[in-house]
Amino acid sequence: MSRSIRRILLCAAVTVVVVLAAGIWIVRGPDPMAFVNGNEVALAAYKAGDPTGVPVSLSKASLVERGKYLAEAADCMACHTSQGGKDYAGGLGMRLPFGALYSTNITPDKETGIGNYSDQDFLKAVQRGIRRDGARLYPAMPFPSYTYMTDADALAIKAYLFSLPPVRVAVPANTLIFPFDQRWAMGFWSVLFTRDSRFEPDASQSPEWNRGAYLAEALAHCGECHTPRSLALALDNRKKFAGAVTAGWRAFNISSDKATGLGGWHDEDIVSYLSIGRASGHGTASGPMGEAVDHSFSKLTPEDVHSVVAYLRSVPAIASADLPATPAPPAPASHRQGGGTPDPRGKMVFEGACVSCHGWTGESSISPFATLTGAWAVNDPGATNVAQIVISGTKRHTPKDAISMPAFGDAYSDAEIAAVANYVTSRFGRKGSQLTAQDVAELRKQTSE
Amino acid sequence: LQPSFGSFIATVVEAEVDEQGDVKLRRVTSAVDTGIAVNPDTIVAQIEGGLIFGLTAALYGEITIAKGRVQQTNFNDYRMLRIDQAPKIDIHIIKSAEVPGGIGETGATAGPPALRNAIYAATGVALRRLPIDRSLIAEKKS
């Protein structure tokens, strides 16, 4: 082979490698904590206090107790418990456009749970998304986030799970269609889109920020719902925390954008929202966020909640173009004034089934949890969460006097639910929605069961 | 016209059906012969309440069972006719010297068949099951 041909081949090979690498880099996007561009150091080299593990107040607690705190912080319960099912026994169905995925039983039952998992098996599943039998997990399991968890913390969670009574429940088989049912293909996905790396503190940031980063990224996995996904369904951290629709609910913008993110919220508002699931003037956490508060954030120590707030504050602002600059004020007290819709059914359903709790102004006289004024949900021109909460309701447990909303989805038609959602957003929000019966039918299909 | 608990009642329902199969009740007229009318106000109230109860059952009263359990738990998933959906109701009491008949459930039995006939008149669809299946009457309006 002549020298020139060899040179051409070499050039071609280098080009291919560079283009591939650039392609992967573009598709993959930045890491979740890359936005700080700071000074990451190995955990062992970070001397300003350990950002991982449990809070100081629990440092003397047993392994199982520490594991319980961490399992709650990681909110394993949210997905691994089905409605009416035993804790951690799995079976929650996540409905995707290409079939349903069922969460697994993570009680220590040897046949249907994870009773046979060794420490190494458990770490591989949690941090890398590889099952004990070598099969790849789907990223419905947030291993791209849990990969940042330390071995010690993951094993504490394992110790806690293994301290629970084993529950013998086989979960339903997944119903994914081809090619999504090909688990082996997830190997390529994992190589492309996930890191296999533990949390590294940032020496240029405060210890509080680092603790918050660890809680939010490695444990609470906020990004899994609040960060939009790319076409390949990987988190797109170029739009970190800018909001997304997951399982038929809209997770709103939690970047530091002043108007449409958390930039305009006071610290105590965010603390209140995370601890009890509502903040004055900002509405109530419902659906998946209500569950996250009940099962996870409400169990964190106040210091940990403040750390999460410190971390959220640092996430670059990204505006949600469809949301108004400020939520709408309360609606008039008389039903004759204020926003309405051409379709009279919206008001009919509202006055029949909604007004007794939510009131004509949107400021509930029954409970602050039922106040609509100020919530993004009613100011969202897509009305996703308004329609969704009418369909599936919300059940809250925190604090003790929290009230729940029943599900109206079985008694009202898609057209009626669309009409009432349009009425609610036009009466209590800045800009009314234009939902159709088809939109509501579509939302019903996405809700986890 | 039907005999009902020892009384006789004739009922006409005036209803609208839209393209989605939603039924709007405009007006209900009943004539009732219940024998001696001891307390006419109570008779009117009983028939009005009974009609609304019966129309609720005809429109929304479906009970479904899954895994051996009734699925409906409360009024959020077992709907009732609301006050803003209630039709105008006219009750005519027939003067009679006969023995008094029952009035408690007379209206309840009269609502569903009269509504069913109104839907037949409006759409040409002869429903043979209750509660009303909206999908059967949607877009069948003649």
# chains A, B, ... in the order shown; residues from 1 in each chain; ligands from 1

call {"tool": "residues_around", "arguments": {"residues": "Gly49 (chain B)", "least_positions_apart": "3", "cutoff": "12 Å", "atoms": "only C-alpha atoms", "output": "short mmCIF file (atom, residue, chain, number, x, y, z; two decimals) with N, CA and C atoms, in the first residue's frame"}}
result
data_model
loop_
_atom_site.label_atom_id
_atom_site.label_comp_id
_atom_site.auth_asym_id
_atom_site.auth_seq_id
_atom_site.Cartn_x
_atom_site.Cartn_y
_atom_site.Cartn_z
N THR B 42 -96.72 17.63 49.51
CA THR B 42 -95.82 16.50 49.70
C THR B 42 -95.81 15.61 48.46
N ILE B 43 -96.96 15.45 47.86
CA ILE B 43 -97.03 14.62 46.65
C ILE B 43 -96.14 15.23 45.56
N VAL B 44 -96.25 16.54 45.37
CA VAL B 44 -95.43 17.21 44.35
C VAL B 44 -93.94 17.04 44.68
N ALA B 45 -93.59 17.26 45.96
CA ALA B 45 -92.18 17.14 46.36
C ALA B 45 -91.67 15.72 46.15
N GLN B 46 -92.49 14.75 46.51
CA GLN B 46 -92.09 13.34 46.36
C GLN B 46 -91.87 12.98 44.90
N ILE B 52 -86.04 13.01 39.81
CA ILE B 52 -84.61 13.34 39.72
C ILE B 52 -83.76 12.13 40.10
N PHE B 53 -84.21 11.41 41.11
CA PHE B 53 -83.49 10.20 41.53
C PHE B 53 -83.48 9.17 40.40
N GLY B 54 -84.65 8.97 39.78
CA GLY B 54 -84.76 8.00 38.70
C GLY B 54 -83.96 8.43 37.47
N LEU B 55 -83.99 9.74 37.17
CA LEU B 55 -83.23 10.24 36.02
C LEU B 55 -81.73 10.14 36.27
N THR B 56 -81.31 10.35 37.52
CA THR B 56 -79.91 10.15 37.89
C THR B 56 -79.48 8.72 37.59
N LEU B 81 -77.30 13.71 39.41
CA LEU B 81 -77.78 14.89 38.71
C LEU B 81 -77.61 16.09 39.63
N ILE B 83 -77.97 20.28 40.69
CA ILE B 83 -79.10 21.21 40.67
C ILE B 83 -79.18 21.97 39.35
N ALA B 86 -80.96 19.98 36.70
CA ALA B 86 -82.34 19.55 36.98
C ALA B 86 -83.30 20.24 36.00
N PRO B 87 -84.23 19.49 35.44
CA PRO B 87 -85.18 20.08 34.49
C PRO B 87 -86.28 20.85 35.24
N ILE B 89 -89.91 20.99 36.28
CA ILE B 89 -90.82 19.88 36.50
C ILE B 89 -92.23 20.40 36.78
N ILE B 91 -96.02 19.05 37.88
CA ILE B 91 -96.77 17.89 38.39
C ILE B 91 -98.26 18.25 38.41
N ILE B 103 -96.62 6.92 47.01
CA ILE B 103 -96.11 8.07 46.28
C ILE B 103 -94.58 8.18 46.40
N GLY B 104 -94.00 7.43 47.33
CA GLY B 104 -92.55 7.55 47.61
C GLY B 104 -91.69 7.26 46.40
N GLU B 105 -91.95 6.13 45.72
CA GLU B 105 -91.06 5.75 44.63
C GLU B 105 -91.74 5.84 43.27
N THR B 106 -92.91 6.40 43.27
CA THR B 106 -93.66 6.48 42.03
C THR B 106 -92.90 7.29 40.97
N GLY B 107 -92.36 8.42 41.39
CA GLY B 107 -91.60 9.27 40.46
C GLY B 107 -90.33 8.58 39.98
N ALA B 108 -89.67 7.84 40.90
CA ALA B 108 -88.41 7.19 40.55
C ALA B 108 -88.60 6.19 39.41
N THR B 109 -89.75 5.49 39.42
CA THR B 109 -89.97 4.49 38.36
C THR B 109 -90.41 5.16 37.07
N ALA B 110 -90.91 6.39 37.15
CA ALA B 110 -91.45 7.04 35.96
C ALA B 110 -90.37 7.71 35.11
N GLY B 111 -89.30 8.21 35.74
CA GLY B 111 -88.28 8.98 35.02
C GLY B 111 -87.56 8.19 33.92
#

call {"tool": "residues_around", "arguments": {"residues": "region 363-378 of chain A", "least_positions_apart": "3", "cutoff": "10 Å", "atoms": "only C-alpha atoms", "output": "ChimeraX atom specification"}}
result
/A:249-253,260,276-286,323-324,326-331,333,355-360,381-387,389,396,401-405,421-433

call {"tool": "interface_residues", "arguments": {"of": "chain A", "to": "chain B", "cutoff": "10 Å", "atoms": "only C-alpha atoms", "output": "MDAnalysis selection string"}}
result
chainID A and resid 348:349 351:353 390 393 405:416 437

call {"tool": "write_last_selection", "arguments": {"atoms": "C-alpha atoms", "output": "PDB file, in the first residue's frame"}}
result
ATOM      1  CA  MET A 348     -71.743  23.467  34.756  1.00  0.00           C
ATOM      2  CA  VAL A 349     -69.257  20.840  35.882  1.00  0.00           C
ATOM      3  CA  GLU A 351     -70.405  24.607  39.849  1.00  0.00           C
ATOM      4  CA  GLY A 352     -71.653  21.077  40.335  1.00  0.00           C
ATOM      5  CA  ALA A 353     -68.507  19.282  41.420  1.00  0.00           C
ATOM      6  CA  VAL A 390     -59.712  15.860  37.742  1.00  0.00           C
ATOM      7  CA  GLY A 393     -57.409  13.025  41.986  1.00  0.00           C
ATOM      8  CA  MET A 405     -59.086  15.442  46.070  1.00  0.00           C
ATOM      9  CA  PRO A 406     -61.181  12.544  44.815  1.00  0.00           C
ATOM     10  CA  ALA A 407     -60.778  11.240  41.259  1.00  0.00           C
ATOM     11  CA  PHE A 408     -63.609  12.292  38.950  1.00  0.00           C
ATOM     12  CA  GLY A 409     -62.290  10.487  35.884  1.00  0.00           C
ATOM     13  CA  ASP A 410     -64.700   7.562  36.052  1.00  0.00           C
ATOM     14  CA  ALA A 411     -67.847   9.653  36.306  1.00  0.00           C
ATOM     15  CA  TYR A 412     -67.169  12.416  33.779  1.00  0.00           C
ATOM     16  CA  SER A 413     -66.615  12.123  30.045  1.00  0.00           C
ATOM     17  CA  ASP A 414     -63.465  13.294  28.255  1.00  0.00           C
ATOM     18  CA  ALA A 415     -65.443  16.201  26.784  1.00  0.00           C
ATOM     19  CA  GLU A 416     -66.697  17.279  30.208  1.00  0.00           C
ATOM     20  CA  ALA A 437     -61.793  15.434  24.486  1.00  0.00           C
TER      21      ALA A 437
END

call {"tool": "closest_residue", "arguments": {"among": "A:Ile417, A:Leu300, A:Val305, A:Met77", "to": "Arg345 (chain A)", "atoms": "only C-alpha atoms"}}
result
A:Ile417

call {"tool": "decode", "arguments": {"residues": "region 417-437 of chain A", "atoms": "N, CA and C atoms", "output": "short mmCIF file (atom, residue, chain, number, x, y, z; two decimals), in the first residue's frame"}}
result
data_model
loop_
_atom_site.label_atom_id
_atom_site.label_comp_id
_atom_site.auth_asym_id
_atom_site.auth_seq_id
_atom_site.Cartn_x
_atom_site.Cartn_y
_atom_site.Cartn_z
N ILE A 417 -64.45 16.76 31.02
CA ILE A 417 -63.20 17.07 31.73
C ILE A 417 -62.43 18.14 30.98
N ALA A 418 -62.40 18.05 29.64
CA ALA A 418 -61.75 19.09 28.85
C ALA A 418 -62.44 20.43 29.10
N ALA A 419 -63.76 20.42 29.13
CA ALA A 419 -64.52 21.66 29.31
C ALA A 419 -64.24 22.28 30.68
N VAL A 420 -64.20 21.46 31.72
CA VAL A 420 -63.98 22.04 33.06
C VAL A 420 -62.53 22.51 33.20
N ALA A 421 -61.59 21.80 32.57
CA ALA A 421 -60.18 22.24 32.62
C ALA A 421 -60.03 23.58 31.91
N ASN A 422 -60.70 23.73 30.78
CA ASN A 422 -60.64 25.01 30.06
C ASN A 422 -61.29 26.13 30.87
N TYR A 423 -62.38 25.80 31.57
CA TYR A 423 -63.05 26.79 32.40
C TYR A 423 -62.14 27.22 33.56
N VAL A 424 -61.53 26.24 34.21
CA VAL A 424 -60.68 26.52 35.38
C VAL A 424 -59.47 27.36 34.97
N THR A 425 -58.83 27.00 33.86
CA THR A 425 -57.64 27.77 33.47
C THR A 425 -58.03 29.17 33.00
N SER A 426 -59.22 29.32 32.42
CA SER A 426 -59.57 30.67 31.98
C SER A 426 -60.07 31.51 33.15
N ARG A 427 -60.66 30.88 34.16
CA ARG A 427 -61.14 31.66 35.31
C ARG A 427 -60.01 31.98 36.28
N PHE A 428 -59.13 31.03 36.54
CA PHE A 428 -58.12 31.20 37.60
C PHE A 428 -56.70 31.43 37.07
N GLY A 429 -56.52 31.32 35.75
CA GLY A 429 -55.18 31.53 35.19
C GLY A 429 -55.15 32.74 34.28
N ARG A 430 -53.95 33.01 33.74
CA ARG A 430 -53.79 34.17 32.87
C ARG A 430 -54.39 33.91 31.49
N LYS A 431 -54.21 32.67 31.04
CA LYS A 431 -54.60 32.37 29.67
C LYS A 431 -55.28 31.01 29.66
N GLY A 432 -56.51 30.98 29.21
CA GLY A 432 -57.25 29.72 29.25
C GLY A 432 -56.71 28.69 28.28
N SER A 433 -56.95 27.43 28.59
CA SER A 433 -56.48 26.34 27.74
C SER A 433 -57.54 26.02 26.69
N GLN A 434 -57.14 25.23 25.73
CA GLN A 434 -58.04 24.82 24.64
C GLN A 434 -58.04 23.30 24.53
N LEU A 435 -58.20 22.64 25.65
CA LEU A 435 -58.15 21.17 25.62
C LEU A 435 -59.36 20.61 24.87
N THR A 436 -59.14 19.47 24.22
CA THR A 436 -60.24 18.77 23.57
C THR A 436 -60.42 17.41 24.26
N ALA A 437 -61.54 16.77 23.93
CA ALA A 437 -61.79 15.43 24.49
C ALA A 437 -60.65 14.49 24.14
#
